[in-house]
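As provided, target-v8.txt (compact mmCIF, N, CA and C atoms) reads as follows.
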```
# COMPACT_ATOMS: atom_id res chain seq x y z
N MET A 1 -55.90 -37.36 -4.03
CA MET A 1 -56.57 -37.75 -2.81
C MET A 1 -56.70 -36.52 -1.90
N GLU A 2 -57.86 -36.31 -1.35
CA GLU A 2 -58.10 -35.17 -0.47
C GLU A 2 -58.65 -35.66 0.86
N ARG A 3 -58.12 -35.08 1.95
CA ARG A 3 -58.57 -35.42 3.29
C ARG A 3 -58.86 -34.14 4.05
N ARG A 4 -60.03 -34.07 4.69
CA ARG A 4 -60.41 -32.89 5.48
C ARG A 4 -60.45 -33.26 6.95
N ILE A 5 -59.89 -32.38 7.77
CA ILE A 5 -59.85 -32.61 9.21
C ILE A 5 -60.59 -31.46 9.89
N TYR A 6 -61.52 -31.82 10.78
CA TYR A 6 -62.35 -30.84 11.48
C TYR A 6 -61.99 -30.79 12.96
N ASN A 7 -62.18 -29.64 13.60
CA ASN A 7 -61.93 -29.53 15.04
C ASN A 7 -63.16 -30.03 15.81
N GLU A 8 -63.09 -29.93 17.15
CA GLU A 8 -64.19 -30.43 17.99
C GLU A 8 -65.50 -29.69 17.76
N LYS A 9 -65.43 -28.46 17.27
CA LYS A 9 -66.63 -27.66 17.02
C LYS A 9 -67.20 -27.88 15.63
N GLY A 10 -66.59 -28.80 14.88
CA GLY A 10 -67.09 -29.10 13.54
C GLY A 10 -66.61 -28.16 12.45
N LYS A 11 -65.68 -27.27 12.77
CA LYS A 11 -65.13 -26.34 11.78
C LYS A 11 -63.94 -26.98 11.08
N LEU A 12 -63.80 -26.68 9.80
CA LEU A 12 -62.68 -27.20 9.02
C LEU A 12 -61.38 -26.62 9.57
N GLU A 13 -60.46 -27.49 9.98
CA GLU A 13 -59.19 -27.06 10.55
C GLU A 13 -58.06 -27.22 9.54
N LYS A 14 -58.10 -28.32 8.77
CA LYS A 14 -56.99 -28.63 7.89
C LYS A 14 -57.47 -29.45 6.71
N THR A 15 -56.89 -29.20 5.54
CA THR A 15 -57.14 -29.99 4.34
C THR A 15 -55.81 -30.48 3.80
N ILE A 16 -55.72 -31.75 3.45
CA ILE A 16 -54.50 -32.32 2.88
C ILE A 16 -54.86 -32.88 1.51
N ILE A 17 -54.15 -32.41 0.48
CA ILE A 17 -54.36 -32.87 -0.89
C ILE A 17 -53.04 -33.45 -1.39
N SER A 18 -53.05 -34.69 -1.85
CA SER A 18 -51.83 -35.34 -2.34
C SER A 18 -52.06 -35.90 -3.73
N ASN A 19 -51.09 -35.65 -4.61
CA ASN A 19 -51.07 -36.29 -5.93
C ASN A 19 -49.73 -36.06 -6.61
N ASN A 20 -49.25 -37.05 -7.32
CA ASN A 20 -48.03 -36.98 -8.13
C ASN A 20 -46.84 -36.35 -7.40
N ASN A 21 -46.44 -36.91 -6.29
CA ASN A 21 -45.26 -36.47 -5.54
C ASN A 21 -45.37 -35.06 -4.96
N VAL A 22 -46.57 -34.50 -4.91
CA VAL A 22 -46.78 -33.18 -4.31
C VAL A 22 -47.91 -33.28 -3.30
N SER A 23 -47.66 -32.73 -2.13
CA SER A 23 -48.67 -32.71 -1.07
C SER A 23 -48.92 -31.26 -0.68
N GLU A 24 -50.19 -30.89 -0.59
CA GLU A 24 -50.55 -29.54 -0.17
C GLU A 24 -51.39 -29.65 1.10
N THR A 25 -50.99 -28.90 2.13
CA THR A 25 -51.74 -28.86 3.38
C THR A 25 -52.17 -27.42 3.62
N LEU A 26 -53.45 -27.24 3.89
CA LEU A 26 -54.00 -25.92 4.21
C LEU A 26 -54.52 -25.95 5.64
N TYR A 27 -54.12 -24.97 6.45
CA TYR A 27 -54.64 -24.78 7.80
C TYR A 27 -55.58 -23.59 7.75
N PHE A 28 -56.71 -23.67 8.45
CA PHE A 28 -57.73 -22.62 8.39
C PHE A 28 -57.96 -21.99 9.75
N TYR A 29 -58.19 -20.67 9.75
CA TYR A 29 -58.70 -19.99 10.94
C TYR A 29 -60.14 -20.45 11.14
N SER A 30 -60.69 -20.28 12.33
CA SER A 30 -62.08 -20.67 12.59
C SER A 30 -63.05 -19.86 11.74
N SER A 31 -62.61 -18.70 11.24
CA SER A 31 -63.45 -17.87 10.37
C SER A 31 -63.53 -18.42 8.95
N GLY A 32 -62.69 -19.43 8.65
CA GLY A 32 -62.69 -20.03 7.31
C GLY A 32 -61.56 -19.53 6.43
N GLU A 33 -60.89 -18.45 6.83
CA GLU A 33 -59.76 -17.92 6.06
C GLU A 33 -58.56 -18.85 6.21
N ILE A 34 -57.69 -18.87 5.20
CA ILE A 34 -56.50 -19.71 5.24
C ILE A 34 -55.46 -19.08 6.17
N PHE A 35 -54.91 -19.88 7.08
CA PHE A 35 -53.84 -19.45 7.97
C PHE A 35 -52.48 -19.80 7.35
N CYS A 36 -52.36 -21.03 6.84
CA CYS A 36 -51.08 -21.52 6.33
C CYS A 36 -51.31 -22.43 5.14
N ARG A 37 -50.44 -22.29 4.16
CA ARG A 37 -50.46 -23.17 2.99
C ARG A 37 -49.07 -23.77 2.87
N LYS A 38 -48.99 -25.09 2.89
CA LYS A 38 -47.71 -25.78 2.85
C LYS A 38 -47.71 -26.76 1.68
N LEU A 39 -46.79 -26.56 0.75
CA LEU A 39 -46.60 -27.47 -0.37
C LEU A 39 -45.33 -28.27 -0.15
N ILE A 40 -45.41 -29.57 -0.31
CA ILE A 40 -44.22 -30.41 -0.20
C ILE A 40 -44.01 -31.11 -1.53
N ASP A 41 -42.85 -30.87 -2.12
CA ASP A 41 -42.44 -31.53 -3.36
C ASP A 41 -41.56 -32.70 -2.94
N ILE A 42 -42.14 -33.89 -2.92
CA ILE A 42 -41.44 -35.07 -2.42
C ILE A 42 -40.24 -35.42 -3.29
N LYS A 43 -40.39 -35.31 -4.60
CA LYS A 43 -39.32 -35.65 -5.53
C LYS A 43 -38.08 -34.78 -5.32
N ASN A 44 -38.28 -33.47 -5.18
CA ASN A 44 -37.16 -32.54 -5.01
C ASN A 44 -36.83 -32.26 -3.54
N GLU A 45 -37.57 -32.88 -2.62
CA GLU A 45 -37.38 -32.74 -1.19
C GLU A 45 -37.40 -31.28 -0.75
N GLU A 46 -38.39 -30.53 -1.24
CA GLU A 46 -38.53 -29.12 -0.91
C GLU A 46 -39.91 -28.86 -0.33
N GLU A 47 -39.97 -27.83 0.51
CA GLU A 47 -41.26 -27.39 1.03
C GLU A 47 -41.38 -25.89 0.83
N TYR A 48 -42.58 -25.48 0.50
CA TYR A 48 -42.92 -24.07 0.31
C TYR A 48 -44.04 -23.75 1.29
N ILE A 49 -43.84 -22.72 2.10
CA ILE A 49 -44.82 -22.41 3.14
C ILE A 49 -45.21 -20.94 3.04
N GLU A 50 -46.51 -20.67 3.13
CA GLU A 50 -47.03 -19.31 3.18
C GLU A 50 -47.90 -19.18 4.42
N TYR A 51 -47.74 -18.07 5.14
CA TYR A 51 -48.59 -17.77 6.29
C TYR A 51 -49.40 -16.53 5.98
N PHE A 52 -50.67 -16.53 6.41
CA PHE A 52 -51.59 -15.43 6.11
C PHE A 52 -52.20 -14.88 7.39
N SER A 53 -52.52 -13.59 7.38
CA SER A 53 -53.23 -12.96 8.50
C SER A 53 -54.71 -13.33 8.40
N LYS A 54 -55.47 -13.00 9.43
CA LYS A 54 -56.91 -13.28 9.41
C LYS A 54 -57.62 -12.48 8.33
N LYS A 55 -57.00 -11.39 7.87
CA LYS A 55 -57.58 -10.58 6.80
C LYS A 55 -57.21 -11.11 5.41
N GLY A 56 -56.34 -12.13 5.37
CA GLY A 56 -55.94 -12.72 4.10
C GLY A 56 -54.65 -12.16 3.53
N ASP A 57 -54.01 -11.23 4.26
CA ASP A 57 -52.73 -10.68 3.80
C ASP A 57 -51.61 -11.69 4.03
N THR A 58 -50.64 -11.73 3.11
CA THR A 58 -49.51 -12.63 3.26
C THR A 58 -48.58 -12.10 4.35
N ILE A 59 -48.27 -12.94 5.33
CA ILE A 59 -47.32 -12.59 6.38
C ILE A 59 -45.91 -12.88 5.88
N THR A 60 -45.71 -14.08 5.33
CA THR A 60 -44.40 -14.45 4.80
C THR A 60 -44.52 -15.66 3.88
N LYS A 61 -43.49 -15.84 3.05
CA LYS A 61 -43.34 -17.02 2.21
C LYS A 61 -41.96 -17.60 2.50
N LEU A 62 -41.91 -18.91 2.69
CA LEU A 62 -40.65 -19.59 3.01
C LEU A 62 -40.41 -20.74 2.05
N LYS A 63 -39.14 -21.04 1.82
CA LYS A 63 -38.76 -22.22 1.04
C LYS A 63 -37.65 -22.92 1.81
N ASN A 64 -37.81 -24.23 2.02
CA ASN A 64 -36.79 -25.04 2.67
C ASN A 64 -36.57 -26.30 1.87
N ASN A 65 -35.35 -26.83 1.97
CA ASN A 65 -34.99 -28.08 1.32
C ASN A 65 -34.58 -29.05 2.41
N TYR A 66 -35.06 -30.28 2.34
CA TYR A 66 -34.77 -31.25 3.39
C TYR A 66 -33.30 -31.67 3.42
N ASN A 67 -32.53 -31.36 2.38
CA ASN A 67 -31.11 -31.69 2.35
C ASN A 67 -30.23 -30.59 2.95
N TRP A 68 -30.80 -29.42 3.20
CA TRP A 68 -30.03 -28.35 3.83
C TRP A 68 -29.78 -28.69 5.29
N ASP A 69 -28.70 -28.18 5.85
CA ASP A 69 -28.42 -28.42 7.27
C ASP A 69 -29.02 -27.32 8.15
N TYR A 70 -29.94 -26.55 7.59
CA TYR A 70 -30.63 -25.50 8.33
C TYR A 70 -32.05 -25.38 7.82
N ARG A 71 -32.84 -24.60 8.56
CA ARG A 71 -34.22 -24.32 8.18
C ARG A 71 -34.40 -22.81 8.21
N VAL A 72 -35.05 -22.26 7.21
CA VAL A 72 -35.31 -20.83 7.16
C VAL A 72 -36.60 -20.53 7.93
N ILE A 73 -36.52 -19.52 8.81
CA ILE A 73 -37.70 -19.05 9.53
C ILE A 73 -37.83 -17.55 9.31
N PHE A 74 -39.01 -17.01 9.57
CA PHE A 74 -39.24 -15.57 9.47
C PHE A 74 -39.56 -15.04 10.85
N ASP A 75 -38.68 -14.17 11.38
CA ASP A 75 -38.90 -13.56 12.69
C ASP A 75 -39.89 -12.41 12.54
N ILE A 76 -41.04 -12.57 13.15
CA ILE A 76 -42.11 -11.56 13.06
C ILE A 76 -41.67 -10.25 13.73
N ASN A 77 -40.89 -10.35 14.82
CA ASN A 77 -40.45 -9.14 15.53
C ASN A 77 -39.54 -8.26 14.68
N SER A 78 -38.49 -8.84 14.12
CA SER A 78 -37.50 -8.06 13.37
C SER A 78 -37.82 -7.98 11.88
N ARG A 79 -38.78 -8.80 11.43
CA ARG A 79 -39.15 -8.90 10.00
C ARG A 79 -37.97 -9.40 9.16
N ARG A 80 -37.15 -10.29 9.76
CA ARG A 80 -35.97 -10.83 9.08
C ARG A 80 -36.12 -12.33 8.87
N TYR A 81 -35.49 -12.80 7.79
CA TYR A 81 -35.39 -14.23 7.54
C TYR A 81 -34.12 -14.72 8.23
N LEU A 82 -34.27 -15.71 9.09
CA LEU A 82 -33.16 -16.25 9.86
C LEU A 82 -32.96 -17.71 9.51
N LYS A 83 -31.73 -18.20 9.72
CA LYS A 83 -31.45 -19.62 9.54
C LYS A 83 -31.36 -20.27 10.91
N LEU A 84 -32.12 -21.35 11.09
CA LEU A 84 -32.09 -22.13 12.32
C LEU A 84 -31.23 -23.36 12.05
N ARG A 85 -30.04 -23.38 12.67
CA ARG A 85 -29.09 -24.47 12.46
C ARG A 85 -28.57 -24.93 13.81
N GLU A 86 -28.71 -26.21 14.09
CA GLU A 86 -28.22 -26.81 15.34
C GLU A 86 -28.67 -26.02 16.57
N LYS A 87 -29.97 -25.68 16.61
CA LYS A 87 -30.62 -24.99 17.73
C LYS A 87 -30.10 -23.57 17.95
N LYS A 88 -29.45 -22.98 16.93
CA LYS A 88 -28.99 -21.59 16.99
C LYS A 88 -29.52 -20.85 15.78
N LEU A 89 -29.76 -19.55 15.97
CA LEU A 89 -30.24 -18.71 14.87
C LEU A 89 -29.10 -17.90 14.29
N TYR A 90 -29.15 -17.74 12.95
CA TYR A 90 -28.11 -16.97 12.26
C TYR A 90 -28.77 -15.95 11.33
N TYR A 91 -28.11 -14.79 11.23
CA TYR A 91 -28.51 -13.76 10.28
C TYR A 91 -27.23 -13.24 9.63
N ASN A 92 -27.18 -13.30 8.32
CA ASN A 92 -25.97 -12.90 7.56
C ASN A 92 -24.72 -13.60 8.07
N GLY A 93 -24.84 -14.89 8.40
CA GLY A 93 -23.69 -15.69 8.82
C GLY A 93 -23.26 -15.51 10.26
N ARG A 94 -23.93 -14.66 11.02
CA ARG A 94 -23.57 -14.42 12.42
C ARG A 94 -24.69 -14.89 13.35
N ILE A 95 -24.29 -15.28 14.56
CA ILE A 95 -25.29 -15.70 15.55
C ILE A 95 -26.24 -14.55 15.82
N TYR A 96 -27.53 -14.88 15.81
CA TYR A 96 -28.58 -13.89 16.06
C TYR A 96 -29.08 -14.10 17.48
N PHE A 97 -29.21 -13.03 18.25
CA PHE A 97 -29.68 -13.16 19.62
C PHE A 97 -30.79 -12.15 19.89
N GLY A 98 -31.51 -12.39 20.97
CA GLY A 98 -32.64 -11.55 21.33
C GLY A 98 -33.93 -12.36 21.29
N ARG A 99 -35.04 -11.67 21.35
CA ARG A 99 -36.38 -12.29 21.36
C ARG A 99 -36.86 -12.47 19.93
N VAL A 100 -37.34 -13.67 19.60
CA VAL A 100 -37.87 -13.95 18.26
C VAL A 100 -39.26 -14.55 18.37
N ARG A 101 -40.07 -14.33 17.34
CA ARG A 101 -41.40 -14.94 17.20
C ARG A 101 -41.49 -15.43 15.77
N TYR A 102 -41.81 -16.72 15.61
CA TYR A 102 -41.93 -17.28 14.27
C TYR A 102 -42.93 -18.43 14.25
N TYR A 103 -43.46 -18.69 13.07
CA TYR A 103 -44.39 -19.80 12.91
C TYR A 103 -43.63 -21.06 12.53
N SER A 104 -44.10 -22.17 13.05
CA SER A 104 -43.59 -23.49 12.70
C SER A 104 -44.81 -24.40 12.62
N GLY A 105 -45.21 -24.72 11.39
CA GLY A 105 -46.44 -25.49 11.21
C GLY A 105 -47.62 -24.70 11.72
N ALA A 106 -48.42 -25.30 12.58
CA ALA A 106 -49.62 -24.64 13.12
C ALA A 106 -49.32 -23.92 14.44
N PHE A 107 -48.05 -23.69 14.74
CA PHE A 107 -47.67 -23.13 16.02
C PHE A 107 -46.90 -21.82 15.89
N LEU A 108 -47.12 -20.94 16.85
CA LEU A 108 -46.34 -19.71 16.98
C LEU A 108 -45.34 -19.96 18.10
N ILE A 109 -44.06 -19.81 17.77
CA ILE A 109 -42.98 -20.04 18.72
C ILE A 109 -42.42 -18.69 19.14
N GLU A 110 -42.27 -18.48 20.45
CA GLU A 110 -41.65 -17.27 20.99
C GLU A 110 -40.47 -17.72 21.84
N GLU A 111 -39.26 -17.24 21.51
CA GLU A 111 -38.06 -17.68 22.20
C GLU A 111 -37.09 -16.51 22.38
N SER A 112 -36.18 -16.66 23.35
CA SER A 112 -35.10 -15.70 23.55
C SER A 112 -33.78 -16.44 23.44
N TYR A 113 -32.84 -15.83 22.74
CA TYR A 113 -31.51 -16.39 22.57
C TYR A 113 -30.48 -15.43 23.15
N ASN A 114 -29.46 -15.99 23.85
CA ASN A 114 -28.41 -15.13 24.38
C ASN A 114 -27.32 -14.91 23.33
N ARG A 115 -26.28 -14.15 23.68
CA ARG A 115 -25.22 -13.80 22.72
C ARG A 115 -24.44 -15.01 22.23
N ASP A 116 -24.50 -16.12 22.99
CA ASP A 116 -23.83 -17.36 22.56
C ASP A 116 -24.72 -18.19 21.65
N GLY A 117 -25.94 -17.71 21.41
CA GLY A 117 -26.86 -18.42 20.54
C GLY A 117 -27.67 -19.49 21.23
N LYS A 118 -27.62 -19.53 22.56
CA LYS A 118 -28.35 -20.55 23.31
C LYS A 118 -29.69 -19.99 23.79
N LEU A 119 -30.68 -20.90 23.88
CA LEU A 119 -31.98 -20.50 24.41
C LEU A 119 -31.82 -20.01 25.84
N ASN A 120 -32.46 -18.89 26.14
CA ASN A 120 -32.33 -18.28 27.45
C ASN A 120 -33.62 -17.54 27.78
N GLY A 121 -34.20 -17.81 28.93
CA GLY A 121 -35.45 -17.16 29.31
C GLY A 121 -36.65 -18.01 28.98
N LEU A 122 -37.80 -17.36 28.86
CA LEU A 122 -39.07 -18.06 28.66
C LEU A 122 -39.35 -18.31 27.18
N SER A 123 -39.67 -19.54 26.84
CA SER A 123 -40.13 -19.91 25.50
C SER A 123 -41.60 -20.27 25.59
N LYS A 124 -42.37 -19.84 24.59
CA LYS A 124 -43.79 -20.17 24.55
C LYS A 124 -44.11 -20.82 23.22
N ILE A 125 -44.94 -21.84 23.28
CA ILE A 125 -45.45 -22.48 22.07
C ILE A 125 -46.96 -22.32 22.12
N SER A 126 -47.51 -21.70 21.07
CA SER A 126 -48.95 -21.44 21.01
C SER A 126 -49.52 -22.02 19.73
N HIS A 127 -50.72 -22.59 19.83
CA HIS A 127 -51.45 -22.98 18.63
C HIS A 127 -52.03 -21.71 18.03
N TYR A 128 -52.06 -21.61 16.71
CA TYR A 128 -52.47 -20.36 16.07
C TYR A 128 -53.89 -19.93 16.41
N GLU A 129 -54.74 -20.81 16.87
CA GLU A 129 -56.12 -20.45 17.24
C GLU A 129 -56.41 -20.66 18.73
N GLU A 130 -55.73 -21.60 19.36
CA GLU A 130 -56.12 -22.02 20.70
C GLU A 130 -55.27 -21.44 21.83
N GLY A 131 -54.23 -20.69 21.53
CA GLY A 131 -53.42 -20.07 22.57
C GLY A 131 -52.25 -20.92 23.03
N ILE A 132 -51.66 -20.51 24.16
CA ILE A 132 -50.44 -21.14 24.67
C ILE A 132 -50.70 -22.58 25.08
N ILE A 133 -49.83 -23.48 24.62
CA ILE A 133 -49.93 -24.89 25.00
C ILE A 133 -48.71 -25.35 25.79
N SER A 134 -47.62 -24.57 25.76
CA SER A 134 -46.43 -24.96 26.50
C SER A 134 -45.58 -23.73 26.81
N GLU A 135 -44.99 -23.71 28.00
CA GLU A 135 -44.03 -22.68 28.39
C GLU A 135 -42.82 -23.38 28.97
N ILE A 136 -41.64 -22.94 28.54
CA ILE A 136 -40.39 -23.55 29.00
C ILE A 136 -39.43 -22.44 29.41
N ASN A 137 -38.84 -22.57 30.60
CA ASN A 137 -37.80 -21.63 31.04
C ASN A 137 -36.43 -22.24 30.75
N TRP A 138 -35.57 -21.45 30.10
CA TRP A 138 -34.24 -21.89 29.71
C TRP A 138 -33.18 -21.03 30.40
N LYS A 139 -32.03 -21.64 30.64
CA LYS A 139 -30.85 -20.89 31.08
C LYS A 139 -29.65 -21.47 30.35
N ASN A 140 -29.08 -20.67 29.46
CA ASN A 140 -27.93 -21.08 28.65
C ASN A 140 -28.15 -22.41 27.94
N GLY A 141 -29.32 -22.59 27.35
CA GLY A 141 -29.61 -23.78 26.56
C GLY A 141 -30.10 -24.98 27.34
N ILE A 142 -30.26 -24.85 28.66
CA ILE A 142 -30.69 -25.97 29.50
C ILE A 142 -32.08 -25.65 30.06
N ILE A 143 -32.98 -26.63 30.00
CA ILE A 143 -34.34 -26.44 30.52
C ILE A 143 -34.30 -26.35 32.05
N ILE A 144 -34.90 -25.27 32.57
CA ILE A 144 -34.98 -25.06 34.01
C ILE A 144 -36.35 -25.50 34.53
N LEU A 145 -37.42 -25.13 33.81
CA LEU A 145 -38.78 -25.44 34.23
C LEU A 145 -39.66 -25.54 33.00
N LYS A 146 -40.52 -26.54 32.97
CA LYS A 146 -41.41 -26.74 31.83
C LYS A 146 -42.84 -26.83 32.33
N ASN A 147 -43.76 -26.05 31.74
CA ASN A 147 -45.18 -26.08 32.09
C ASN A 147 -45.98 -26.41 30.84
N ASN A 148 -46.87 -27.37 30.93
CA ASN A 148 -47.74 -27.73 29.81
C ASN A 148 -49.18 -27.69 30.24
N ASP A 149 -50.06 -27.24 29.37
CA ASP A 149 -51.50 -27.37 29.59
C ASP A 149 -51.90 -28.74 29.08
N GLU A 150 -52.56 -29.51 29.89
CA GLU A 150 -52.97 -30.84 29.43
C GLU A 150 -54.43 -31.03 29.64
```
For this file, produce the structure as structure tokens.
Amino acid sequence: MERRIYNEKGKLEKTIISNNNVSETLYFYSSGEIFCRKLIDIKNEEEYIEYFSKKGDTITKLKNNYNWDYRVIFDINSRRYLKLREKKLYYNGRIYFGRVRYYSGAFLIEESYNRDGKLNGLSKISHYEEGIISEINWKNGIIILKNNDE
């Protein structure tokens, strides 16, 4: 089964193909190039994700299992694979802090973490084509101010 989803301008935004316990979702740039390819193996509860630049170059490849207690992300700033567990980032078993940028689905997430592993400072959520959709100010893991474009 194949389903195509178009944006308001009539451009192909996403394609979902499902068959035999495997689902593939493709997100497209407005130029028609693939932005993200996500395969979900329902039987093995695994997902495989690839992100691409507008030129078609691979940015990263990720593999996650729904039974793990963490999710693997790729920090674009440091070019490192990090584990996101219980709202904290880890690298080589230690809390990772500083500014990170990573993709999550069709969104680019920008966040800052303090030495305790808590969100601190300004977080931005951007759609890969449409820009910033949310900004949140954090202090030691607590939301101070939230701004949304609606």
TODO: Run DSSP on the backbone of this structure and report the residues of region 7-117 of chain A it assigns to strand (DSSP E), as a count of residues only.
DONE: 69
Task: Two-atom distance - atom N of Asp57 (chain A), atom C of Ile34 (chain A) (Å) - done: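 These two atoms are separated by 8.2 Å.
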Open item on the list: So the first atom is CA of Ser18 (chain A) and the second is CA of Ser126 (chain A); what is the distance between them in Å, to one decimal place?
Closed with: 27.3 Å
Excluding Tyr102 (chain A) and its own-chain neighbours fewer than 2 positions away, which residues fall within 7 Å of it when counting all atoms listed in the file? Please give them as a PDB file with N, CA and C atoms, in the coordinates of the input.
```pdb
ATOM      1  N   ILE A  73     -36.520 -19.520   8.810  1.00  0.00           N
ATOM      2  CA  ILE A  73     -37.700 -19.050   9.530  1.00  0.00           C
ATOM      3  C   ILE A  73     -37.830 -17.550   9.310  1.00  0.00           C
ATOM      4  N   PHE A  74     -39.010 -17.010   9.570  1.00  0.00           N
ATOM      5  CA  PHE A  74     -39.240 -15.570   9.470  1.00  0.00           C
ATOM      6  C   PHE A  74     -39.560 -15.040  10.850  1.00  0.00           C
ATOM      7  N   ASP A  75     -38.680 -14.170  11.380  1.00  0.00           N
ATOM      8  CA  ASP A  75     -38.900 -13.560  12.690  1.00  0.00           C
ATOM      9  C   ASP A  75     -39.890 -12.410  12.540  1.00  0.00           C
ATOM     10  N   ILE A  76     -41.040 -12.570  13.150  1.00  0.00           N
ATOM     11  CA  ILE A  76     -42.110 -11.560  13.060  1.00  0.00           C
ATOM     12  C   ILE A  76     -41.670 -10.250  13.730  1.00  0.00           C
ATOM     13  N   ASN A  77     -40.890 -10.350  14.820  1.00  0.00           N
ATOM     14  CA  ASN A  77     -40.450  -9.140  15.530  1.00  0.00           C
ATOM     15  C   ASN A  77     -39.540  -8.260  14.680  1.00  0.00           C
ATOM     16  N   VAL A 100     -37.340 -13.670  19.600  1.00  0.00           N
ATOM     17  CA  VAL A 100     -37.870 -13.950  18.260  1.00  0.00           C
ATOM     18  C   VAL A 100     -39.260 -14.550  18.370  1.00  0.00           C
ATOM     19  N   SER A 104     -44.100 -22.170  13.050  1.00  0.00           N
ATOM     20  CA  SER A 104     -43.590 -23.490  12.700  1.00  0.00           C
ATOM     21  C   SER A 104     -44.810 -24.400  12.620  1.00  0.00           C
ATOM     22  N   PHE A 107     -48.050 -23.690  14.740  1.00  0.00           N
ATOM     23  CA  PHE A 107     -47.670 -23.130  16.020  1.00  0.00           C
ATOM     24  C   PHE A 107     -46.900 -21.820  15.890  1.00  0.00           C
ATOM     25  N   LEU A 108     -47.120 -20.940  16.850  1.00  0.00           N
ATOM     26  CA  LEU A 108     -46.340 -19.710  16.980  1.00  0.00           C
ATOM     27  C   LEU A 108     -45.340 -19.960  18.100  1.00  0.00           C
ATOM     28  N   ILE A 109     -44.060 -19.810  17.770  1.00  0.00           N
ATOM     29  CA  ILE A 109     -42.980 -20.040  18.720  1.00  0.00           C
ATOM     30  C   ILE A 109     -42.420 -18.690  19.140  1.00  0.00           C
ATOM     31  N   GLU A 110     -42.270 -18.480  20.450  1.00  0.00           N
ATOM     32  CA  GLU A 110     -41.650 -17.270  20.990  1.00  0.00           C
ATOM     33  C   GLU A 110     -40.470 -17.720  21.840  1.00  0.00           C
ATOM     34  N   GLU A 111     -39.260 -17.240  21.510  1.00  0.00           N
ATOM     35  CA  GLU A 111     -38.060 -17.680  22.200  1.00  0.00           C
ATOM     36  C   GLU A 111     -37.090 -16.510  22.380  1.00  0.00           C
TER      37      GLU A 111
END
```
- [ ] Point out the residue among A:Tyr91, A:Tyr81, A:Phe35, A:Phe97 with the least atom-to-atom distance to Lys118 (chain A), counting all atoms listed in the file.
- [x]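 Between A:Tyr91, A:Tyr81, A:Phe35, A:Phe97, the residue approaching Lys118 (chain A) most closely is A:Phe97.
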Open item on the list: Just checking: using only C-alpha atoms, which residue out of A:Ile40, A:Asn7, A:Lys83, A:Glu129 ends up closest to Arg71 (chain A)?
Closed with: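 Going through A:Ile40, A:Asn7, A:Lys83, A:Glu129 one by one, the smallest distance to Arg71 (chain A) is for A:Lys83.
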Open item on the list: Set the distance at 10 Å and use only C-alpha atoms: which residues neighbour Glu135 (chain A) once local chain neighbours fewer than 6 positions away are removed? I'd like the list as number ranges by chain.
Closed with: A: 110-111, 122-126, 145-149
Quick one: 5 Å padding each side, axis-aligned, all listed atoms of region 86-102 of chain A - centre and edge lengths in Å to one decimal, as JSON?
```
{"center_x": -33.1, "center_y": -19.2, "center_z": 14.5, "size_x": 29.7, "size_y": 25.3, "size_z": 23.8}
```
Task: atom N of Asp116 (chain A) to atom C of Lys63 (chain A), distance in Å rounded to a single decimal - done: 25.8 Å
Task: For Leu39 (chain A), the nearest of the candidates A:Glu2, A:Glu86, A:Glu130, A:Glu24, counting all atoms listed in the file - done: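 Nearest candidate to Leu39 (chain A) out of A:Glu2, A:Glu86, A:Glu130, A:Glu24: A:Glu24.
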- [ ] Pull the neighbourhood of (-44.8, -25.8, -4.2) for me: all residues within 8 Å in file coordinates, counting all atoms listed in the file, as a ChimeraX atom specification.
- [x] /A:22-24,38-41,46-49
- [ ] Measuring atom to atom with all atoms listed in the file, identify which of A:Asn140, A:Asn65, A:Asn114, A:Asn21 is nearest to Arg99 (chain A).
- [x] A:Asn114
Open item on the list: I'd like the neighbourhood of region 13-16 of chain A as a list in words, where a residue qualifies if any of its atoms comes within 7 Å (using only N, CA and C atoms), though same-chain residues fewer than 2 positions away should be ignored.
Closed with: Met1, Glu2, Arg3, Arg4, Ile5, Tyr6, Asn7, Gly10, Lys11, Ser18, Ser23, Glu24, Thr25, Leu26, Tyr27, Phe28 and Tyr29 of chain A
Task: Nearest to Arg115 (chain A) by atom-to-atom distance, counting only N, CA and C atoms, from A:His127, A:Ser78, A:Gly98, A:Ser134 - done: A:Gly98
